[in-house]
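Coordinates from start.txt are shown below (compact mmCIF, C-alpha atoms).
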```txt
# COMPACT_ATOMS: atom_id res chain seq x y z
CA MET A 4 126.65 60.30 84.42
CA LEU A 5 127.68 63.27 86.58
CA GLU A 6 125.02 65.45 84.99
CA ASN A 7 122.33 62.85 85.72
CA LYS A 8 123.43 62.65 89.35
CA LEU A 9 123.33 66.45 89.71
CA VAL A 10 119.87 66.59 88.15
CA HIS A 11 118.71 63.85 90.52
CA ILE A 12 120.16 65.68 93.54
CA PHE A 13 118.56 69.01 92.61
CA ALA A 14 115.24 67.32 91.84
CA SER A 15 115.30 65.55 95.22
CA MET A 16 116.12 68.81 97.04
CA PHE A 17 113.34 70.66 95.20
CA LEU A 18 110.80 67.92 95.97
CA LYS A 19 111.82 67.85 99.63
CA ASN A 20 111.56 71.63 99.97
CA PHE A 21 108.24 71.63 98.13
CA ILE A 22 106.75 68.99 100.43
CA GLU A 23 108.03 70.86 103.50
CA ASP A 24 106.55 74.15 102.24
CA VAL A 25 103.18 72.55 101.53
CA GLY A 26 103.12 70.92 104.97
CA ARG A 27 104.05 74.11 106.78
CA TYR A 28 101.52 76.07 104.72
CA PHE A 29 98.61 73.83 105.70
CA THR A 30 99.83 73.76 109.30
CA LEU A 31 99.81 77.57 109.29
CA MET A 32 96.30 77.66 107.81
CA GLY A 33 95.16 75.34 110.60
CA MET A 34 96.57 77.83 113.11
CA VAL A 35 94.96 80.77 111.30
CA PHE A 36 91.41 79.44 111.25
CA ARG A 37 91.00 79.15 114.98
CA ARG A 38 88.28 80.76 117.00
CA PRO A 39 89.29 84.36 117.83
CA ASP A 40 89.89 85.09 121.51
CA ASN A 41 88.81 88.72 121.32
CA GLY A 42 86.37 89.58 118.54
CA LYS A 43 86.76 93.34 119.00
CA VAL A 44 90.52 93.22 118.46
CA TYR A 45 90.08 91.09 115.33
CA TRP A 46 87.42 93.49 114.04
CA GLU A 47 89.77 96.46 114.44
CA ALA A 48 92.50 94.56 112.59
CA PHE A 49 89.99 93.64 109.87
CA VAL A 50 89.01 97.31 109.35
CA ARG A 51 92.68 98.33 109.13
CA ASP A 52 93.36 95.61 106.57
CA ILE A 53 90.31 96.59 104.50
CA TYR A 54 91.83 100.04 104.15
CA ALA A 55 95.45 98.93 103.67
CA LEU A 56 94.83 96.03 101.29
CA GLY A 57 91.62 97.11 99.57
CA VAL A 58 90.85 100.81 99.63
CA LYS A 59 94.44 101.79 98.83
CA SER A 60 94.26 99.67 95.67
CA LEU A 61 91.19 101.46 94.29
CA GLY A 62 93.08 104.12 92.35
CA LEU A 63 95.44 101.66 90.68
CA VAL A 64 92.64 99.29 89.70
CA CYS A 65 90.47 102.10 88.30
CA ILE A 66 93.19 103.64 86.14
CA ILE A 67 94.39 100.32 84.74
CA SER A 68 90.86 99.08 84.03
CA ILE A 69 89.77 102.19 82.11
CA PHE A 70 92.82 102.29 79.86
CA VAL A 71 92.97 98.54 79.26
CA GLY A 72 89.28 98.54 78.32
CA ALA A 73 90.03 101.32 75.83
CA VAL A 74 93.02 99.45 74.40
CA VAL A 75 91.06 96.20 74.03
CA THR A 76 88.33 98.03 72.12
CA ILE A 77 90.76 99.78 69.78
CA GLN A 78 92.77 96.62 69.08
CA THR A 79 89.60 94.60 68.49
CA ALA A 80 88.28 97.25 66.11
CA LEU A 81 91.55 97.28 64.16
CA ASN A 82 91.37 93.50 63.75
CA LEU A 83 87.71 93.51 62.70
CA GLU A 84 87.87 95.90 59.76
CA ASN A 85 86.08 93.41 57.50
CA PRO A 86 82.87 95.16 56.34
CA ILE A 87 80.99 91.86 56.55
CA ILE A 88 81.47 91.68 60.34
CA PRO A 89 79.02 93.93 62.25
CA LYS A 90 80.56 96.62 64.42
CA TYR A 91 78.73 95.44 67.52
CA TYR A 92 81.07 92.41 67.62
CA ILE A 93 83.71 94.82 68.89
CA ALA A 94 81.65 95.41 72.03
CA ILE A 95 81.01 91.68 72.45
CA ALA A 96 84.74 90.92 72.24
CA THR A 97 85.55 93.73 74.66
CA ARG A 98 82.93 92.58 77.15
CA GLU A 99 84.01 88.94 77.07
CA SER A 100 87.73 89.77 77.32
CA ILE A 101 87.26 92.03 80.33
CA ILE A 102 84.76 89.89 82.25
CA LEU A 103 86.26 86.47 81.59
CA GLU A 104 89.96 87.16 81.82
CA PHE A 105 91.26 90.68 82.23
CA SER A 106 89.46 91.84 85.37
CA PRO A 107 89.48 88.63 87.46
CA THR A 108 92.89 87.34 86.38
CA MET A 109 95.07 90.25 85.30
CA ILE A 110 93.93 92.54 88.10
CA SER A 111 94.46 89.71 90.59
CA LEU A 112 98.02 89.27 89.28
CA ILE A 113 98.60 92.99 89.77
CA LEU A 114 97.19 92.74 93.30
CA ALA A 115 99.48 89.77 93.93
CA GLY A 116 102.39 92.13 93.38
CA LYS A 117 101.00 95.07 95.33
CA VAL A 118 99.07 93.41 98.15
CA GLY A 119 101.14 90.22 98.33
CA SER A 120 104.45 92.01 98.76
CA ASN A 121 102.86 94.31 101.35
CA ILE A 122 101.64 91.36 103.42
CA ALA A 123 104.89 89.39 103.15
CA SER A 124 107.09 92.36 104.02
CA THR A 125 104.87 93.45 106.93
CA LEU A 126 104.79 90.01 108.54
CA GLY A 127 108.46 89.43 107.73
CA THR A 128 109.45 92.65 109.45
CA MET A 129 107.40 91.67 112.49
CA ARG A 130 109.10 88.27 112.54
CA VAL A 131 112.70 89.51 112.34
CA SER A 132 112.01 92.29 114.86
CA GLU A 133 110.59 89.63 117.25
CA GLN A 134 107.15 91.27 117.44
CA ILE A 135 105.49 87.95 116.57
CA ASP A 136 107.45 86.23 119.33
CA ALA A 137 106.28 88.92 121.75
CA LEU A 138 102.64 88.24 120.77
CA GLU A 139 103.14 84.53 121.44
CA VAL A 140 104.68 85.27 124.85
CA MET A 141 101.62 87.37 125.73
CA GLY A 142 99.40 84.39 124.91
CA ILE A 143 98.02 85.83 121.66
CA LYS A 144 97.50 83.44 118.73
CA SER A 145 99.79 85.37 116.41
CA ALA A 146 98.98 83.46 113.21
CA SER A 147 95.25 83.90 113.66
CA TYR A 148 95.45 87.51 114.83
CA LEU A 149 97.81 88.67 112.07
CA ILE A 150 96.60 86.64 109.08
CA LEU A 151 92.88 85.91 109.51
CA PRO A 152 91.77 89.59 109.27
CA LYS A 153 93.88 89.97 106.11
CA ILE A 154 92.26 86.94 104.48
CA ALA A 155 88.78 88.15 105.47
CA ALA A 156 89.51 91.65 104.16
CA THR A 157 90.66 90.46 100.72
CA LEU A 158 87.87 87.89 100.40
CA ILE A 159 85.32 90.66 100.93
CA PHE A 160 86.96 93.62 99.18
CA ASN A 161 88.64 91.98 96.15
CA PRO A 162 85.28 91.04 94.56
CA ILE A 163 84.31 94.71 94.92
CA LEU A 164 87.53 95.74 93.18
CA ILE A 165 87.02 93.24 90.36
CA THR A 166 83.37 94.23 89.86
CA LEU A 167 84.45 97.87 89.64
CA SER A 168 87.23 96.86 87.24
CA MET A 169 84.77 95.09 84.93
CA PHE A 170 82.47 98.12 84.89
CA LEU A 171 85.25 100.63 84.27
CA GLY A 172 86.83 98.41 81.61
CA VAL A 173 83.59 98.41 79.65
CA VAL A 174 83.20 102.16 80.20
CA GLY A 175 86.74 102.74 78.94
CA GLY A 176 85.98 100.68 75.86
CA TYR A 177 82.75 102.61 75.29
CA PHE A 178 84.46 106.00 75.34
CA ALA A 179 87.42 104.77 73.28
CA GLY A 180 85.10 103.45 70.58
CA SER A 181 82.99 106.60 70.44
CA MET A 182 85.89 109.08 70.55
CA THR A 183 87.88 107.30 67.83
CA GLY A 184 84.81 106.68 65.69
CA MET A 185 85.65 102.99 65.36
CA VAL A 186 82.28 101.94 66.75
CA SER A 187 79.23 104.09 67.42
CA THR A 188 77.68 104.30 70.86
CA THR A 189 74.51 102.62 69.59
CA GLU A 190 76.43 99.68 68.13
CA PHE A 191 78.57 99.36 71.26
CA VAL A 192 75.54 99.26 73.58
CA GLU A 193 73.84 96.78 71.24
CA GLY A 194 76.89 94.54 71.37
CA LEU A 195 77.06 94.69 75.17
CA GLN A 196 73.49 93.43 75.41
CA MET A 197 73.76 90.75 72.74
CA ASP A 198 74.17 87.12 73.87
CA TYR A 199 74.90 88.25 77.44
CA ARG A 200 75.46 85.41 79.90
CA PRO A 201 75.08 86.32 83.61
CA PHE A 202 77.00 83.17 84.58
CA TYR A 203 80.19 84.81 83.28
CA ILE A 204 79.93 87.36 86.09
CA VAL A 205 79.47 84.54 88.60
CA TYR A 206 82.46 82.73 87.09
CA ALA A 207 84.62 85.86 87.36
CA LEU A 208 83.67 86.41 91.02
CA ILE A 209 84.31 82.76 91.91
CA LYS A 210 87.79 83.10 90.46
CA THR A 211 88.28 86.38 92.31
CA VAL A 212 87.47 84.89 95.72
CA ILE A 213 89.80 81.92 95.16
CA PHE A 214 92.56 84.18 93.88
CA ALA A 215 92.16 86.50 96.87
CA PHE A 216 92.64 83.58 99.25
CA ILE A 217 95.69 82.35 97.33
CA ILE A 218 97.36 85.77 97.28
CA THR A 219 96.78 86.48 100.97
CA SER A 220 97.52 83.04 102.39
CA VAL A 221 100.65 82.36 100.31
CA SER A 222 102.07 85.83 100.97
CA SER A 223 101.33 85.44 104.69
CA TYR A 224 103.14 82.10 104.70
CA TYR A 225 106.32 83.56 103.23
CA GLY A 226 106.21 86.54 105.56
CA TYR A 227 105.36 84.61 108.72
CA PHE A 228 108.26 82.15 108.40
CA VAL A 229 111.03 84.60 107.49
CA LYS A 230 114.41 83.81 109.04
CA GLY A 231 117.26 86.30 109.11
CA GLY A 232 117.11 90.05 108.68
CA ALA A 233 116.06 92.79 106.29
CA VAL A 234 117.63 91.08 103.27
CA GLU A 235 115.66 87.90 103.89
CA VAL A 236 112.47 89.94 104.28
CA GLY A 237 112.98 91.37 100.80
CA GLU A 238 113.81 87.98 99.33
CA ASN A 239 110.73 86.37 100.85
CA SER A 240 108.53 89.21 99.59
CA THR A 241 109.75 88.46 96.08
CA LYS A 242 109.19 84.73 96.59
CA ALA A 243 105.67 85.45 97.83
CA VAL A 244 104.78 87.41 94.69
CA VAL A 245 106.29 84.79 92.36
CA ALA A 246 104.73 81.81 94.15
CA SER A 247 101.26 83.35 94.46
CA SER A 248 101.33 84.42 90.80
CA LEU A 249 102.29 80.93 89.62
CA ILE A 250 99.65 79.26 91.79
CA LEU A 251 97.10 81.81 90.62
CA ILE A 252 97.80 81.03 86.94
CA LEU A 253 97.52 77.28 87.60
CA ALA A 254 94.28 77.82 89.54
CA ASN A 255 92.96 79.95 86.69
CA TYR A 256 93.42 77.05 84.27
CA LEU A 257 91.79 74.53 86.61
CA ILE A 258 88.80 76.76 87.44
CA THR A 259 88.24 77.60 83.78
CA GLN A 260 88.36 73.92 82.86
CA LEU A 261 85.90 73.03 85.61
CA LEU A 262 83.39 75.85 85.09
CA LEU A 263 83.61 76.54 81.38
CA GLY A 264 85.21 73.43 79.91
```

Would you mind giving the structure from this file in structure tokens?
Amino acid sequence: MLENKLVHIFASMFLKNFIEDVGRYFTLMGMVFRRPDNGKVYWEAFVRDIYALGVKSLGLVCIISIFVGAVVTIQTALNLENPIIPKYYIAIATRESIILEFSPTMISLILAGKVGSNIASTLGTMRVSEQIDALEVMGIKSASYLILPKIAATLIFNPILITLSMFLGVVGGYFAGSMTGMVSTTEFVEGLQMDYRPFYIVYALIKTVIFAFIITSVSSYYGYFVKGGAVEVGENSTKAVVASSLILILANYLITQLLLG
């Protein structure tokens, strides 16, 4: 009986907090998507965020994509040692794995950790140091000014990162196959061209744009509403990464079901 009551209490508290978070999130988004007062200031913030949230992630995305593409090719080749199966199936499996799932989903999860924590900690620090309050006192729409350029930057630059990731993943697989001798360059290129579906690229980019919005908006929410000090900033940064990753995985399932199911 006591255990049932405790479960009911915790479930009620979780549901209440969840509803409050959802309400505050959509309220914040309503504040974010307001008409900018000064386009030049927003443009400058947008350029800074393109560099901080996008350009600085290029190196990480490139290195991970090349080596994961190589690993996918090697593992696929090891599992397709049956002489009946043509070698070009290795390239097909590598291409589909990278385009459909690895680049749009796995790279987005990595960006959720890197970019999401950056956004949450930056806004959280501004909140606890009262910089956001100072912007409000000066008549500046702080939510719009601080968050909208970040959302715009990731919506534009993340598809570029994912496209580059897909290309480098395939390149990494190509070189891994040729250097190990598991699949010849001719067979790999033949496999890349066989049964190619351009819609898969469209599908990957649709997911990327939605994931970019989720990562940026959820991380901004946790950073913007920080209460306390430096400890709370760190805690909310962790919450932002966890929450955005969970929502991203759920969104991945729903999008896949809608577009490919």

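Using all atoms listed in the file, the shortest contact distance between Gly175 (chain A) and any of A:Ala94, A:Val35, A:Ala215, A:Val244 is found at A:Ala94.
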
Using all atoms listed in the file, what table do you get, as CSV, when you list each residue of region 135-206 of chain A with an atom no more than 9 Å from region 59-70 of chain A, its nearest pair of atoms, and their distance in Å rounded to one decimal, rows by chain then rising number?
```
residue,atom,partner,partner_atom,distance
A:Leu164,CA,A:Leu61,CA,6.9
A:Ile165,CA,A:Val64,CA,8.3
A:Leu167,CA,A:Cys65,CA,7.5
A:Ser168,CA,A:Ser68,CA,5.3
A:Met169,CA,A:Ser68,CA,7.3
A:Phe170,CA,A:Ser68,CA,8.5
A:Leu171,CA,A:Ile69,CA,5.2
A:Gly172,CA,A:Ser68,CA,4.7
A:Val173,CA,A:Ile69,CA,7.7
A:Val174,CA,A:Ile69,CA,6.8
A:Gly175,CA,A:Ile69,CA,4.4
A:Gly176,CA,A:Ile69,CA,7.5
A:Ala179,CA,A:Phe70,CA,8.9
```

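The residue that comes closest to Thr76 (chain A), out of A:Lys242, A:Arg98, A:Lys144, A:Arg200 and on the basis of all atoms listed in the file, is A:Arg98.
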
9 Å contact set for Val236 (chain A), all atoms listed in the file, chain neighbours under 4 positions out, as an NGL selection string = :A and (123-128 or 131 or 225-226 or 229-232 or 240-241)

Find the residues around Ile95 (chain A) up to 8 Å (all atoms listed in the file counted), leave out those fewer than 6 positions away in its own chain, and share them as a PyMOL selection string.
-> chain A and resi 194-195+197

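Nearest to Lys210 (chain A) of all the residues A:Ile135, A:Ile88, A:Val192, A:Ile102 is A:Ile102, based on only C-alpha atoms.
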
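Checking A:Ala156, A:Leu151, A:Leu103, A:Val234 one by one against Ala55 (chain A), counting only C-alpha atoms, you find the shortest gap at A:Ala156.
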
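Minimum atom-to-atom distances from A:Glu84, A:Gln260, A:Glu193, A:Ser147 to Gly33 (chain A) were compared using only C-alpha atoms, and the lowest value belongs to A:Ser147.
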
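If all atoms listed in the file are the atoms counted, then among A:Ala137, A:Val50, A:Val245, A:Ala146 the closest residue to Ser222 (chain A) is A:Val245.
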
Expected axis-aligned box over every listed atom of region 100-110 of chain A, 4 Å added per side, centre plus edges in Å to one decimal, as lines of an AutoDock Vina configuration file:
```
center_x = 89.9
center_y = 89.5
center_z = 82.7
size_x = 18.3
size_y = 14.1
size_z = 18.8
```

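Around Ile258 (chain A), within 12 Å and counting all atoms listed in the file, the residues found are A:Leu103, A:Glu104, A:Pro107, A:Thr108, A:Tyr206, A:Ala207, A:Leu208, A:Ile209, A:Lys210, A:Thr211, A:Val212, A:Ile213, A:Phe214, A:Ile250, A:Leu251, A:Ile252, A:Leu253, A:Ala254, A:Leu262, A:Leu263, A:Gly264, once anything fewer than 4 positions away on its own chain is removed.
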
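Interatomic distance, CA of Phe36 (chain A) to CA of Phe216 (chain A): 12.8 Å.
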